[in-house]
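The file start.cif comes next; it holds mmCIF, C-alpha atoms.
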```
data_work
#
loop_
_atom_site.label_atom_id
_atom_site.label_comp_id
_atom_site.auth_asym_id
_atom_site.auth_seq_id
_atom_site.Cartn_x
_atom_site.Cartn_y
_atom_site.Cartn_z
CA MET A 1 29.64 46.72 12.24
CA LYS A 2 29.76 50.27 10.93
CA LEU A 3 26.39 51.38 9.64
CA THR A 4 27.33 51.92 6.03
CA LEU A 5 25.34 51.17 2.93
CA ALA A 6 27.69 48.28 2.38
CA GLY A 7 27.08 47.07 5.91
CA LEU A 8 23.33 47.22 5.44
CA LEU A 9 23.53 45.35 2.20
CA ALA A 10 25.74 42.79 3.85
CA SER A 11 23.02 41.92 6.29
CA VAL A 12 19.87 42.45 4.29
CA ALA A 13 18.90 41.10 0.93
CA LEU A 14 16.73 43.70 -0.74
CA LEU A 15 14.16 42.33 -3.03
CA ALA A 16 11.45 44.13 -4.95
CA GLY A 17 8.41 42.89 -6.74
CA CYS A 18 8.22 39.53 -4.96
CA THR A 19 5.02 38.83 -3.12
CA SER A 20 5.72 35.35 -1.79
CA ALA A 21 7.34 35.07 1.64
CA PRO A 22 10.63 33.24 1.32
CA ALA A 23 11.00 30.40 3.77
CA ALA A 24 14.72 30.49 4.51
CA ALA A 25 16.02 33.48 2.51
CA PRO A 26 16.89 36.68 4.32
CA ILE A 27 14.43 39.40 4.44
CA ALA A 28 12.85 41.40 2.03
CA ALA A 29 12.44 45.08 2.58
CA PRO A 30 11.04 46.78 -0.50
CA ALA A 31 13.83 48.37 -2.53
CA PRO A 32 13.41 52.13 -2.87
CA HIS A 33 13.48 52.02 -6.65
CA ASP A 34 11.51 48.87 -7.43
CA ASP A 35 14.59 47.08 -8.68
CA PHE A 36 16.72 44.29 -7.31
CA VAL A 37 19.76 45.46 -5.36
CA LEU A 38 23.02 43.54 -5.13
CA PRO A 39 25.95 44.24 -2.83
CA ALA A 40 28.17 45.31 -5.75
CA ASP A 41 25.69 48.08 -6.61
CA ALA A 42 27.01 50.15 -3.70
CA TYR A 43 30.31 50.51 -5.61
CA ALA A 44 28.98 50.91 -9.11
CA PHE A 45 27.12 53.40 -11.28
CA THR A 46 23.34 53.33 -11.19
CA VAL A 47 21.43 53.47 -14.46
CA PRO A 48 20.45 57.11 -13.86
CA GLU A 49 24.13 57.86 -13.28
CA THR A 50 25.10 56.25 -16.58
CA GLY A 51 22.41 58.45 -18.15
CA GLU A 52 24.01 61.51 -16.56
CA ILE A 53 27.41 60.42 -17.85
CA ASP A 54 25.85 60.08 -21.30
CA LEU A 55 24.35 63.56 -21.07
CA ALA A 56 27.63 65.05 -19.85
CA ARG A 57 29.39 63.41 -22.79
CA ALA A 58 26.83 64.82 -25.25
CA LEU A 59 27.18 68.33 -23.78
CA LEU A 60 30.97 68.15 -23.97
CA VAL A 61 30.76 67.00 -27.59
CA GLY A 62 28.41 69.91 -28.24
CA GLN A 63 30.78 72.42 -26.65
CA CYS A 64 33.64 71.04 -28.71
CA MET A 65 31.61 71.24 -31.92
CA THR A 66 30.68 74.88 -31.27
CA ARG A 67 34.38 75.68 -31.23
CA PHE A 68 34.39 74.57 -34.86
CA GLY A 69 31.54 76.95 -35.60
CA TYR A 70 28.65 74.50 -35.47
CA ALA A 71 25.39 75.30 -33.71
CA PHE A 72 24.46 73.12 -30.74
CA ASP A 73 21.20 73.33 -28.81
CA ALA A 74 22.16 72.21 -25.30
CA ALA A 75 18.61 72.54 -23.97
CA ALA A 76 17.25 70.29 -26.71
CA ALA A 77 20.00 67.74 -26.02
CA ARG A 78 19.19 67.75 -22.30
CA ALA A 79 15.50 67.25 -22.95
CA ALA A 80 16.03 64.43 -25.44
CA LEU A 81 18.54 62.59 -23.32
CA THR A 82 16.60 63.00 -20.10
CA ARG A 83 13.66 61.35 -21.85
CA ALA A 84 15.88 58.58 -23.22
CA GLY A 85 17.42 58.11 -19.77
CA SER A 86 14.00 57.61 -18.19
CA GLY A 87 13.24 55.00 -20.81
CA THR A 88 16.40 53.10 -19.91
CA VAL A 89 15.53 53.16 -16.21
CA ALA A 90 12.04 51.89 -17.03
CA ASP A 91 13.57 49.04 -19.04
CA LEU A 92 16.61 48.05 -17.03
CA GLY A 93 15.78 49.32 -13.55
CA TYR A 94 17.49 51.79 -11.23
CA TYR A 95 20.43 49.42 -10.63
CA GLY A 96 20.26 47.72 -14.03
CA ASN A 97 18.90 44.56 -12.43
CA LYS A 98 15.27 44.70 -13.46
CA ARG A 99 15.61 41.99 -16.12
CA ARG A 100 18.48 40.17 -14.47
CA TYR A 101 16.15 37.30 -13.58
CA GLY A 102 13.97 37.80 -16.65
CA VAL A 103 10.50 39.23 -16.30
CA THR A 104 9.52 39.23 -12.63
CA ASP A 105 7.06 42.10 -12.41
CA ARG A 106 3.44 41.06 -12.70
CA SER A 107 2.20 44.45 -13.88
CA ILE A 108 4.83 44.67 -16.60
CA ALA A 109 4.10 41.10 -17.75
CA ALA A 110 0.38 41.89 -17.94
CA ARG A 111 0.84 45.00 -20.07
CA TYR A 112 4.05 44.42 -22.00
CA GLY A 113 4.70 40.67 -21.97
CA TYR A 114 8.40 40.32 -22.80
CA HIS A 115 8.53 43.67 -24.59
CA LEU A 116 10.67 46.45 -23.17
CA VAL A 117 8.57 49.17 -21.58
CA SER A 118 10.36 51.82 -23.67
CA GLN A 119 9.49 49.97 -26.87
CA MET A 120 5.87 50.67 -26.20
CA THR A 121 6.00 54.08 -24.62
CA SER A 122 8.66 56.33 -26.08
CA ALA A 123 10.12 57.44 -29.37
CA ALA A 124 13.85 57.47 -30.09
CA PRO A 125 15.43 60.92 -30.44
CA ALA A 126 15.83 61.92 -34.09
CA GLY A 127 19.31 62.78 -35.36
CA ALA A 128 22.05 63.59 -32.88
CA PRO A 129 20.48 65.38 -29.90
CA GLY A 130 21.21 69.10 -30.03
CA PHE A 131 22.39 69.00 -33.63
CA GLY A 132 19.56 67.69 -35.74
CA GLN A 133 21.01 66.47 -39.05
CA LEU A 134 24.79 66.20 -39.28
CA THR A 135 26.68 67.02 -42.47
CA ALA A 136 29.51 64.73 -43.51
CA THR A 137 32.04 67.28 -42.27
CA MET A 138 30.30 67.59 -38.91
CA ARG A 139 30.35 63.82 -38.57
CA ALA A 140 34.05 63.84 -39.43
CA VAL A 141 34.80 66.49 -36.79
CA LEU A 142 32.73 64.59 -34.23
CA THR A 143 34.36 61.22 -34.86
CA GLY A 144 37.76 62.28 -36.11
CA LYS A 145 37.35 59.89 -39.04
CA SER A 146 38.12 61.17 -42.56
CA ALA A 147 38.36 64.65 -41.11
CA PRO A 148 40.09 67.50 -42.90
CA GLY A 149 43.14 68.73 -40.98
CA ARG A 150 41.42 71.96 -40.05
CA VAL A 151 37.83 73.10 -39.93
CA ASN A 152 36.98 76.75 -39.47
CA GLY A 153 40.67 77.37 -38.82
CA ARG A 154 40.92 74.86 -35.96
CA PRO A 155 42.82 71.57 -36.09
CA VAL A 156 40.58 68.53 -35.70
CA PRO A 157 41.92 66.47 -32.77
CA ALA A 158 42.61 62.74 -33.05
CA GLY A 159 39.36 60.92 -32.33
CA GLY A 160 37.43 64.12 -32.94
CA CYS A 161 35.13 65.75 -30.42
CA ALA A 162 34.07 62.30 -29.20
CA ARG A 163 37.59 61.69 -27.90
CA THR A 164 37.82 65.20 -26.47
CA ALA A 165 34.64 64.59 -24.49
CA ALA A 166 35.78 61.18 -23.23
CA ASP A 167 39.12 62.64 -22.14
CA ALA A 168 37.41 65.44 -20.21
CA LEU A 169 35.36 62.91 -18.23
CA SER A 170 38.30 60.56 -17.70
CA PRO A 171 41.42 62.69 -17.78
CA ASP A 172 43.66 59.84 -16.66
CA GLY A 173 42.47 57.78 -19.60
CA VAL A 174 40.81 55.19 -17.37
CA LEU A 175 37.14 54.88 -18.19
CA GLY A 176 36.13 53.88 -14.70
CA GLU A 177 37.08 52.20 -11.47
CA ALA A 178 38.98 48.99 -10.90
CA ASP A 179 37.57 45.80 -12.32
CA VAL A 180 36.75 44.14 -8.99
CA VAL A 181 33.19 45.43 -9.22
CA ALA A 182 32.72 44.09 -12.74
CA GLU A 183 34.29 40.76 -11.84
CA VAL A 184 32.06 40.11 -8.86
CA GLY A 185 28.90 41.01 -10.79
CA GLY A 186 29.84 38.77 -13.66
CA GLN A 187 30.98 35.82 -11.58
CA SER A 188 28.04 35.79 -9.20
CA TYR A 189 25.71 35.64 -12.18
CA ARG A 190 27.62 32.98 -14.11
CA ASP A 191 28.19 30.84 -11.00
CA SER A 192 24.49 31.03 -10.12
CA PHE A 193 23.69 28.76 -13.06
CA ALA A 194 25.78 26.00 -11.48
CA ASP A 195 24.58 26.45 -7.89
CA PRO A 196 22.58 23.40 -6.77
CA ALA A 197 19.87 25.40 -5.00
CA VAL A 198 19.40 27.65 -8.03
CA VAL A 199 19.38 24.72 -10.43
CA ALA A 200 16.79 22.97 -8.26
CA ALA A 201 14.66 26.11 -8.27
CA PHE A 202 14.93 26.25 -12.07
CA GLY A 203 13.64 22.66 -12.10
CA ARG A 204 10.64 23.54 -9.94
CA TRP A 205 9.94 26.57 -12.12
CA SER A 206 10.15 24.44 -15.24
CA SER A 207 7.67 21.92 -13.78
CA CYS A 208 5.31 24.71 -12.86
CA MET A 209 5.57 26.08 -16.41
CA HIS A 210 5.05 22.60 -17.83
CA ASP A 211 1.82 22.34 -15.86
CA LYS A 212 0.72 25.54 -17.54
CA GLY A 213 1.55 24.16 -20.98
CA TYR A 214 5.05 25.57 -21.57
CA ALA A 215 8.18 23.56 -22.37
CA TYR A 216 10.81 26.01 -21.10
CA GLN A 217 13.71 24.36 -19.29
CA THR A 218 15.09 27.47 -17.58
CA PRO A 219 14.02 31.09 -17.27
CA ARG A 220 16.60 31.97 -19.91
CA ASP A 221 14.42 30.22 -22.49
CA ALA A 222 11.19 31.87 -21.44
CA GLY A 223 9.68 34.13 -24.08
CA ALA A 224 12.59 33.78 -26.52
CA GLU A 225 10.21 32.75 -29.30
CA PHE A 226 8.32 36.05 -29.38
CA ASP A 227 9.16 39.04 -31.54
CA VAL A 228 9.38 41.84 -29.02
CA ASN A 229 10.59 44.51 -31.40
CA ASN A 230 7.22 45.61 -32.64
CA SER A 231 4.41 47.63 -31.19
CA ALA A 232 2.01 44.73 -30.74
CA VAL A 233 2.00 42.46 -27.73
CA PRO A 234 -0.02 39.36 -28.65
CA ALA A 235 -2.17 37.67 -26.04
CA ALA A 236 0.01 34.56 -26.24
CA GLU A 237 3.06 36.58 -25.20
CA ILE A 238 1.24 38.14 -22.27
CA ALA A 239 -0.02 34.74 -21.18
CA ALA A 240 3.50 33.29 -21.26
CA ALA A 241 4.96 36.23 -19.35
CA GLU A 242 2.23 36.05 -16.71
CA ALA A 243 2.77 32.32 -16.30
CA ASP A 244 6.51 32.93 -16.03
CA VAL A 245 6.05 35.49 -13.24
CA ALA A 246 3.48 33.35 -11.44
CA CYS A 247 5.75 30.30 -11.48
CA LYS A 248 8.70 32.36 -10.27
CA GLN A 249 6.65 33.51 -7.31
CA GLN A 250 5.15 30.10 -6.62
CA THR A 251 8.57 28.40 -6.54
CA ASN A 252 10.41 31.21 -4.77
CA LEU A 253 12.92 31.08 -7.62
CA VAL A 254 13.96 34.74 -7.57
CA ALA A 255 14.63 34.79 -3.83
CA VAL A 256 16.87 31.73 -4.20
CA TRP A 257 18.63 33.08 -7.30
CA HIS A 258 19.06 36.59 -5.93
CA GLY A 259 20.01 35.16 -2.54
CA PHE A 260 22.86 33.17 -4.08
CA GLU A 261 24.23 36.29 -5.74
CA VAL A 262 23.94 38.36 -2.57
CA SER A 263 25.93 35.80 -0.55
CA PHE A 264 28.53 35.38 -3.26
CA GLN A 265 29.04 39.11 -3.65
CA ASN A 266 29.12 39.83 0.08
CA ALA A 267 31.86 37.26 0.58
CA ARG A 268 33.92 38.62 -2.31
CA ILE A 269 33.51 42.24 -1.18
CA LYS A 270 34.49 41.35 2.36
CA ASP A 271 37.63 39.60 1.08
CA ASP A 272 38.69 42.59 -0.98
CA ALA A 273 37.37 45.54 1.00
CA ALA A 274 40.20 47.90 0.11
CA ALA A 275 39.76 47.41 -3.62
CA PHE A 276 36.03 48.04 -3.38
CA ALA A 277 36.61 51.16 -1.30
CA THR A 278 38.91 52.44 -4.06
CA ALA A 279 36.26 51.65 -6.64
CA LYS A 280 33.77 53.75 -4.69
CA LYS A 281 36.21 56.66 -4.53
CA ASN A 282 36.75 56.51 -8.28
CA HIS A 283 33.00 56.36 -8.85
CA ASP A 284 32.50 59.45 -6.69
CA ALA A 285 35.29 61.34 -8.45
CA ARG A 286 33.78 60.52 -11.82
CA MET A 287 30.30 61.68 -10.78
CA SER A 288 31.84 64.90 -9.44
CA ARG A 289 33.28 65.62 -12.87
CA VAL A 290 29.93 64.80 -14.44
CA ALA A 291 28.12 67.14 -12.04
CA GLY A 292 30.52 69.90 -13.04
CA VAL A 293 29.63 69.44 -16.69
CA LEU A 294 25.89 69.24 -16.04
CA GLY A 295 26.03 72.34 -13.87
CA GLY A 296 23.79 70.77 -11.27
CA PRO A 297 24.04 70.23 -7.49
CA MET B 1 26.67 27.30 -24.33
CA THR B 2 29.71 26.91 -26.59
CA SER B 3 32.72 24.99 -25.42
CA LYS B 4 35.00 26.84 -27.80
CA ARG B 5 37.79 28.81 -26.19
CA ARG B 6 39.24 31.93 -27.67
CA LEU B 7 42.01 33.90 -26.07
CA GLY B 8 41.37 37.59 -25.57
CA GLY B 9 44.42 38.54 -27.55
CA LEU B 10 43.48 42.17 -27.98
CA LEU B 11 43.60 42.97 -24.30
CA GLY B 12 45.91 40.25 -23.07
CA GLY B 13 43.27 38.49 -21.02
CA ALA B 14 41.74 35.03 -21.33
CA ALA B 15 38.18 33.89 -20.87
CA VAL B 16 37.68 30.20 -20.31
CA ALA B 17 34.24 28.60 -20.32
CA THR B 18 34.02 25.36 -18.42
CA ALA B 19 31.36 22.71 -18.87
CA ALA B 20 29.50 24.10 -15.86
CA GLY B 21 29.36 27.50 -17.47
CA VAL B 22 31.58 29.21 -14.92
CA ALA B 23 33.88 31.76 -16.51
CA THR B 24 36.74 33.79 -15.16
CA ALA B 25 38.22 36.69 -17.07
CA LEU B 26 41.10 39.04 -16.55
CA MET B 27 40.10 42.45 -17.76
CA PRO B 28 41.68 45.88 -17.79
CA ALA B 29 40.17 48.56 -15.60
CA VAL B 30 36.97 49.79 -17.16
CA ALA B 31 33.86 51.39 -15.74
CA ALA B 32 31.43 49.05 -14.05
CA ASN B 33 27.77 49.01 -13.18
CA ALA B 34 26.63 45.97 -11.26
CA ALA B 35 24.31 44.61 -13.90
CA GLY B 36 25.90 46.45 -16.78
CA HIS B 37 29.54 46.71 -17.77
CA HIS B 38 31.06 49.45 -19.89
CA VAL B 39 33.34 47.55 -22.24
CA GLY B 40 34.05 50.30 -24.73
CA THR B 41 37.52 51.75 -25.17
CA ILE B 42 37.91 55.14 -26.81
CA ALA B 43 39.82 53.64 -29.71
CA GLY B 44 37.04 54.58 -32.09
CA VAL B 45 34.59 52.51 -34.07
CA GLU B 46 35.93 49.60 -36.12
CA SER B 47 36.35 50.65 -39.74
CA ARG B 48 33.97 48.20 -41.47
CA CYS B 49 31.26 49.00 -38.95
CA ASN B 50 31.92 52.69 -39.50
CA SER B 51 31.48 52.48 -43.26
CA SER B 52 28.46 50.19 -43.09
CA VAL B 53 24.84 51.04 -42.38
CA TYR B 54 25.09 49.24 -39.05
CA THR B 55 25.21 50.90 -35.66
CA LEU B 56 26.11 47.93 -33.42
CA CYS B 57 28.59 45.33 -34.69
CA LEU B 58 29.69 42.06 -33.12
CA TYR B 59 32.92 40.22 -33.95
CA TYR B 60 33.77 36.54 -34.01
CA ASN B 61 37.08 37.12 -32.29
CA SER B 62 38.39 39.83 -30.01
CA SER B 63 40.63 40.81 -32.89
CA THR B 64 38.03 42.90 -34.67
CA THR B 65 39.56 42.09 -38.04
CA THR B 66 37.69 38.78 -38.02
CA ALA B 67 34.15 38.16 -39.25
CA TYR B 68 31.51 40.63 -38.14
CA TRP B 69 27.75 41.02 -37.99
CA GLY B 70 25.85 44.26 -37.59
CA THR B 71 22.44 45.76 -36.90
CA SER B 72 20.86 49.19 -36.64
CA SER B 73 18.00 48.07 -34.45
CA ASN B 74 17.29 45.85 -31.48
CA VAL B 75 17.48 42.08 -31.86
CA SER B 76 15.76 40.24 -29.05
CA ASN B 77 17.17 36.82 -29.91
CA LEU B 78 20.34 36.37 -31.97
CA VAL B 79 19.49 32.72 -32.67
CA ASN B 80 18.95 33.28 -36.41
CA ASP B 81 21.95 35.52 -37.05
CA THR B 82 25.31 34.54 -38.52
CA PHE B 83 28.54 36.45 -39.06
CA PHE B 84 28.51 37.93 -42.57
CA SER B 85 30.05 35.70 -45.20
CA GLY B 86 33.37 36.76 -46.65
CA THR B 87 34.28 38.99 -43.73
CA GLY B 88 37.02 36.87 -42.23
CA ALA B 89 37.54 34.02 -39.79
CA GLY B 90 34.20 32.92 -38.39
CA SER B 91 32.17 33.94 -41.46
CA GLY B 92 28.86 32.09 -41.54
CA GLN B 93 29.06 30.97 -37.90
CA ALA B 94 26.32 31.68 -35.40
CA VAL B 95 26.45 35.06 -33.70
CA LYS B 96 24.50 33.94 -30.63
CA ASN B 97 26.75 32.95 -27.71
CA ASN B 98 29.68 33.22 -30.09
CA ALA B 99 30.88 36.84 -30.18
CA ALA B 100 33.99 38.19 -28.53
CA ALA B 101 33.91 41.94 -29.20
CA ALA B 102 31.63 44.78 -30.21
CA SER B 103 31.82 48.17 -31.84
CA CYS B 104 29.31 51.01 -31.54
CA ASP B 105 28.81 53.54 -34.32
CA LEU B 106 26.57 55.96 -32.44
CA LEU B 107 27.71 59.57 -32.31
CA SER B 108 27.51 61.92 -29.36
CA SER B 109 25.03 60.06 -27.16
CA GLY B 110 23.22 56.79 -26.72
CA LYS B 111 24.54 53.30 -26.07
CA CYS B 112 24.92 49.90 -27.68
CA TYR B 113 23.91 47.07 -25.32
CA ILE B 114 24.64 43.35 -25.50
CA PHE B 115 22.71 41.06 -23.13
CA PHE B 116 23.46 37.66 -21.60
CA ASN B 117 19.91 36.38 -22.20
CA SER B 118 17.43 36.88 -25.00
CA ASN B 119 14.75 39.52 -24.51
CA TYR B 120 17.32 41.87 -22.98
CA GLY B 121 17.74 39.90 -19.75
CA GLY B 122 20.59 39.12 -17.40
CA ASN B 123 23.92 40.91 -17.20
CA TYR B 124 24.79 43.24 -20.07
CA ASP B 125 27.78 44.94 -21.63
CA TYR B 126 27.50 48.36 -23.18
CA LEU B 127 29.49 50.78 -25.29
CA ASN B 128 29.16 54.47 -26.00
CA GLY B 129 29.28 55.67 -29.56
CA GLN B 130 32.68 55.67 -31.25
CA GLU B 131 33.88 52.87 -28.98
CA THR B 132 35.07 49.32 -29.58
CA GLY B 133 35.84 46.74 -26.93
CA GLN B 134 35.99 43.11 -25.90
CA LEU B 135 32.82 41.67 -24.42
CA TYR B 136 32.96 40.91 -20.71
CA TYR B 137 29.73 39.64 -19.18
CA THR B 138 28.54 38.51 -22.60
CA TYR B 139 31.76 37.10 -24.05
CA ASN B 140 30.48 33.98 -25.89
CA GLU B 141 27.21 34.56 -24.04
CA ASP B 142 25.62 37.18 -26.28
CA ALA B 143 21.91 36.53 -26.76
CA SER B 144 20.26 39.87 -27.54
CA VAL B 145 21.32 43.39 -28.49
CA LYS B 146 19.75 46.81 -28.08
CA VAL B 147 20.64 50.16 -29.58
CA VAL B 148 19.55 53.26 -27.69
CA TYR B 149 19.98 56.29 -29.95
#
```
Would you put the structure from the file into structure tokens?
Amino acid sequence: MKLTLAGLLASVALLAGCTSAPAAAPIAAPAPHDDFVLPADAYAFTVPETGEIDLARALLVGQCMTRFGYAFDAAAARAALTRAGSGTVADLGYYGNKRRYGVTDRSIAARYGYHLVSQMTSAAPAGAPGFGQLTATMRAVLTGKSAPGRVNGRPVPAGGCARTAADALSPDGVLGEADVVAEVGGQSYRDSFADPAVVAAFGRWSSCMHDKGYAYQTPRDAGAEFDVNNSAVPAAEIAAAEADVACKQQTNLVAVWHGFEVSFQNARIKDDAAAFATAKKNHDARMSRVAGVLGGP
Amino acid sequence: MTSKRRLGGLLGGAAVATAAGVATALMPAVAANAAGHHVGTIAGVESRCNSSVYTLCLYYNSSTTTAYWGTSSNVSNLVNDTFFSGTGAGSGQAVKNNAAAASCDLLSSGKCYIFFNSNYGGNYDYLNGQETGQLYYTYNEDASVKVVY
């Protein structure tokens, strides 16, 4: 087998944050970014990449707005969005899988319970990054809604500067690659809830939680009763999150759940190799355009 | 999990939820991230969402002329939310596990996220500002929402 990232992922299930040794599941080498990796991730955008796309979009909007005579502080936009991007990686993980199986990280459970890390550690950027406060006309030029025909002598394009920016990143009008990558990620997750081994693991987890005094049936229910949109993490929430993580480790739930998805995705990718290869090409082309806008390597 | 079926009329696809919770969907080509799916199209933000105070709106049906619900901040469990009364088909119904589409009224940056599980867990769909689109991972499986400004 060719030694490609896809090939590696096909033979190794990468699992992070799990300290129990799975009995029958494939091996766990620590993932480089402390997040769960799935086979489809090799063909998709990472969370940092979506942050770069977001930044490129903001810079393109800014450039467009300056053509209408508005001031735009690109450096301030970069700083604000880089901070916001780090917050999203902290919350959702490098591959976007950090909360795929709920809370699984003992250190996060102990400090944040079910709260998002960014809720507790960062402030949202004020106004539109690079612009500060927008006037109604600026908003109209940006969105194309209720815009005068011309501003500062220039015609306002349909969809405003937002559309101009989107078109520059996706000149063919397609916002991304083929849907095979999305399909496999969605189906592996939905099908996991009906897989007998996963369902059995949910049952063991639920019993373990019951022994600790919690009535959750599945990990989807865990922690749903807490208000996680405030700056306080009550002791009860931390206790529940810690119990949740402990029971997941004790029952090997995440290895079983993740293992099902890895197998499912590998089989689907193998069956449709050409389509996934195309998806990867489109991903790379998109990131090339983004790199051009960001002016980086 | 709802057993209701709604055809994705807007984009010509159909999502069918079976009793076992397995869903298949035919979707147009949109950007994908393994745990997150970009469902926004650059059609612009839906007009009621645009003129409201809300930043992230969810719709009862994929035709975004039906009942809607909106928020400007994160909601970690949609269990107590209902589609606003008097806003069309689906008014007063539960929002949780019952939305088909979303619209995002952010401006030049940031994202609107919709998650499969409460507390921002599981697969998620997202939109950039000034985008509207049919839910994919979270079609009828929307449990929490997050706005990143």
Could you list, as a PDB file with C-alpha atoms, in the frame of the given file, every residue matched by the PyMOL selection byres ((chain A) within 6 of (chain B)) in this structure?
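Written file, part.pdb:
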```pdb
ATOM      1  CA  ALA A  40      28.170  45.310  -5.750  1.00  0.00           C
ATOM      2  CA  ASP A  41      25.690  48.080  -6.610  1.00  0.00           C
ATOM      3  CA  ALA A  44      28.980  50.910  -9.110  1.00  0.00           C
ATOM      4  CA  PHE A  45      27.120  53.400 -11.280  1.00  0.00           C
ATOM      5  CA  ASP A  54      25.850  60.080 -21.300  1.00  0.00           C
ATOM      6  CA  ALA A  58      26.830  64.820 -25.250  1.00  0.00           C
ATOM      7  CA  GLY A  96      20.260  47.720 -14.030  1.00  0.00           C
ATOM      8  CA  ASN A  97      18.900  44.560 -12.430  1.00  0.00           C
ATOM      9  CA  ARG A  99      15.610  41.990 -16.120  1.00  0.00           C
ATOM     10  CA  ARG A 100      18.480  40.170 -14.470  1.00  0.00           C
ATOM     11  CA  GLY A 102      13.970  37.800 -16.650  1.00  0.00           C
ATOM     12  CA  LEU A 175      37.140  54.880 -18.190  1.00  0.00           C
ATOM     13  CA  GLY A 176      36.130  53.880 -14.700  1.00  0.00           C
ATOM     14  CA  GLU A 177      37.080  52.200 -11.470  1.00  0.00           C
ATOM     15  CA  ALA A 178      38.980  48.990 -10.900  1.00  0.00           C
ATOM     16  CA  ASP A 179      37.570  45.800 -12.320  1.00  0.00           C
ATOM     17  CA  ALA A 182      32.720  44.090 -12.740  1.00  0.00           C
ATOM     18  CA  GLY A 185      28.900  41.010 -10.790  1.00  0.00           C
ATOM     19  CA  GLY A 186      29.840  38.770 -13.660  1.00  0.00           C
ATOM     20  CA  ARG A 190      27.620  32.980 -14.110  1.00  0.00           C
ATOM     21  CA  ASP A 191      28.190  30.840 -11.000  1.00  0.00           C
ATOM     22  CA  ARG A 220      16.600  31.970 -19.910  1.00  0.00           C
ATOM     23  CA  ALA A 224      12.590  33.780 -26.520  1.00  0.00           C
TER      24      ALA A 224
END
```
>> When the PyMOL selection byres ((chain B and resi 61) around 7) is applied to the structure above, which residues does it catch, written out as a list of chain:residue names?
In response: B:Tyr59, B:Tyr60, B:Ser62, B:Ser63, B:Thr64, B:Thr66, B:Ala99, B:Ala100, B:Ala101
Please produce an output containing C-alpha atoms for each residue in the selection, written as a PDB file, in the frame of the given file.
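Result saved to out39.pdb:
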```pdb
ATOM      1  CA  TYR B  59      32.920  40.220 -33.950  1.00  0.00           C
ATOM      2  CA  TYR B  60      33.770  36.540 -34.010  1.00  0.00           C
ATOM      3  CA  SER B  62      38.390  39.830 -30.010  1.00  0.00           C
ATOM      4  CA  SER B  63      40.630  40.810 -32.890  1.00  0.00           C
ATOM      5  CA  THR B  64      38.030  42.900 -34.670  1.00  0.00           C
ATOM      6  CA  THR B  66      37.690  38.780 -38.020  1.00  0.00           C
ATOM      7  CA  ALA B  99      30.880  36.840 -30.180  1.00  0.00           C
ATOM      8  CA  ALA B 100      33.990  38.190 -28.530  1.00  0.00           C
ATOM      9  CA  ALA B 101      33.910  41.940 -29.200  1.00  0.00           C
TER      10      ALA B 101
END
```
>> Which residues are close to A:Cys161, i.e. within 7 Å by all atoms listed in the file, leaving aside same-chain residues fewer than 4 positions away? Reply as a list in words.
In response: Val61, Cys64, Met65, Val141, Leu142, Thr143 and Ala165 of chain A
>> From (25.8, 35.4, -33.6), in the file's coordinates, out to 9 Å: which residues are reached, counting all atoms listed in the file? Answer as a PyMOL selection string.
In response: chain B and resi 58-60+68-69+78-83+93-99+142-143
> Which residues, written as a ChimeraX atom specification, have at least one atom at most 9 Å from B:Ser72, with only C-alpha atoms counted and residues fewer than 4 positions away on the same chain left out?
Replying inline: /B:53-57,146-147
> Nearest to A:Thr50 among A:His283, A:His33, A:Arg150, A:His115, with distances taken over all atoms listed in the file: which residue is it?
Replying inline: A:His283
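Pairwise distance (atom CA of A:Asp211, atom CA of A:Phe193) equals 23.0 Å.
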Using the incomplete input, complete stretch 281-289 of chain A to the level of N, CA and C atoms; output as a PDB file, in the frame of the given file.
```pdb
ATOM      1  N   LYS A 281      35.585  55.331  -4.410  1.00  0.00           N
ATOM      2  CA  LYS A 281      36.210  56.660  -4.530  1.00  0.00           C
ATOM      3  C   LYS A 281      36.265  57.098  -5.986  1.00  0.00           C
ATOM      4  N   ASN A 282      36.656  56.165  -6.859  1.00  0.00           N
ATOM      5  CA  ASN A 282      36.750  56.510  -8.280  1.00  0.00           C
ATOM      6  C   ASN A 282      35.372  56.834  -8.853  1.00  0.00           C
ATOM      7  N   HIS A 283      34.371  56.090  -8.421  1.00  0.00           N
ATOM      8  CA  HIS A 283      33.000  56.360  -8.850  1.00  0.00           C
ATOM      9  C   HIS A 283      32.615  57.787  -8.454  1.00  0.00           C
ATOM     10  N   ASP A 284      32.889  58.134  -7.187  1.00  0.00           N
ATOM     11  CA  ASP A 284      32.500  59.450  -6.690  1.00  0.00           C
ATOM     12  C   ASP A 284      33.244  60.568  -7.426  1.00  0.00           C
ATOM     13  N   ALA A 285      34.508  60.323  -7.731  1.00  0.00           N
ATOM     14  CA  ALA A 285      35.290  61.340  -8.450  1.00  0.00           C
ATOM     15  C   ALA A 285      34.712  61.546  -9.850  1.00  0.00           C
ATOM     16  N   ARG A 286      34.356  60.445 -10.475  1.00  0.00           N
ATOM     17  CA  ARG A 286      33.780  60.520 -11.820  1.00  0.00           C
ATOM     18  C   ARG A 286      32.481  61.304 -11.795  1.00  0.00           C
ATOM     19  N   MET A 287      31.593  61.012 -10.832  1.00  0.00           N
ATOM     20  CA  MET A 287      30.300  61.680 -10.780  1.00  0.00           C
ATOM     21  C   MET A 287      30.469  63.165 -10.436  1.00  0.00           C
ATOM     22  N   SER A 288      31.533  63.492  -9.718  1.00  0.00           N
ATOM     23  CA  SER A 288      31.840  64.900  -9.440  1.00  0.00           C
ATOM     24  C   SER A 288      32.156  65.636 -10.730  1.00  0.00           C
ATOM     25  N   ARG A 289      32.949  64.979 -11.582  1.00  0.00           N
ATOM     26  CA  ARG A 289      33.280  65.620 -12.870  1.00  0.00           C
ATOM     27  C   ARG A 289      32.023  65.780 -13.697  1.00  0.00           C
TER      28      ARG A 289
END
```
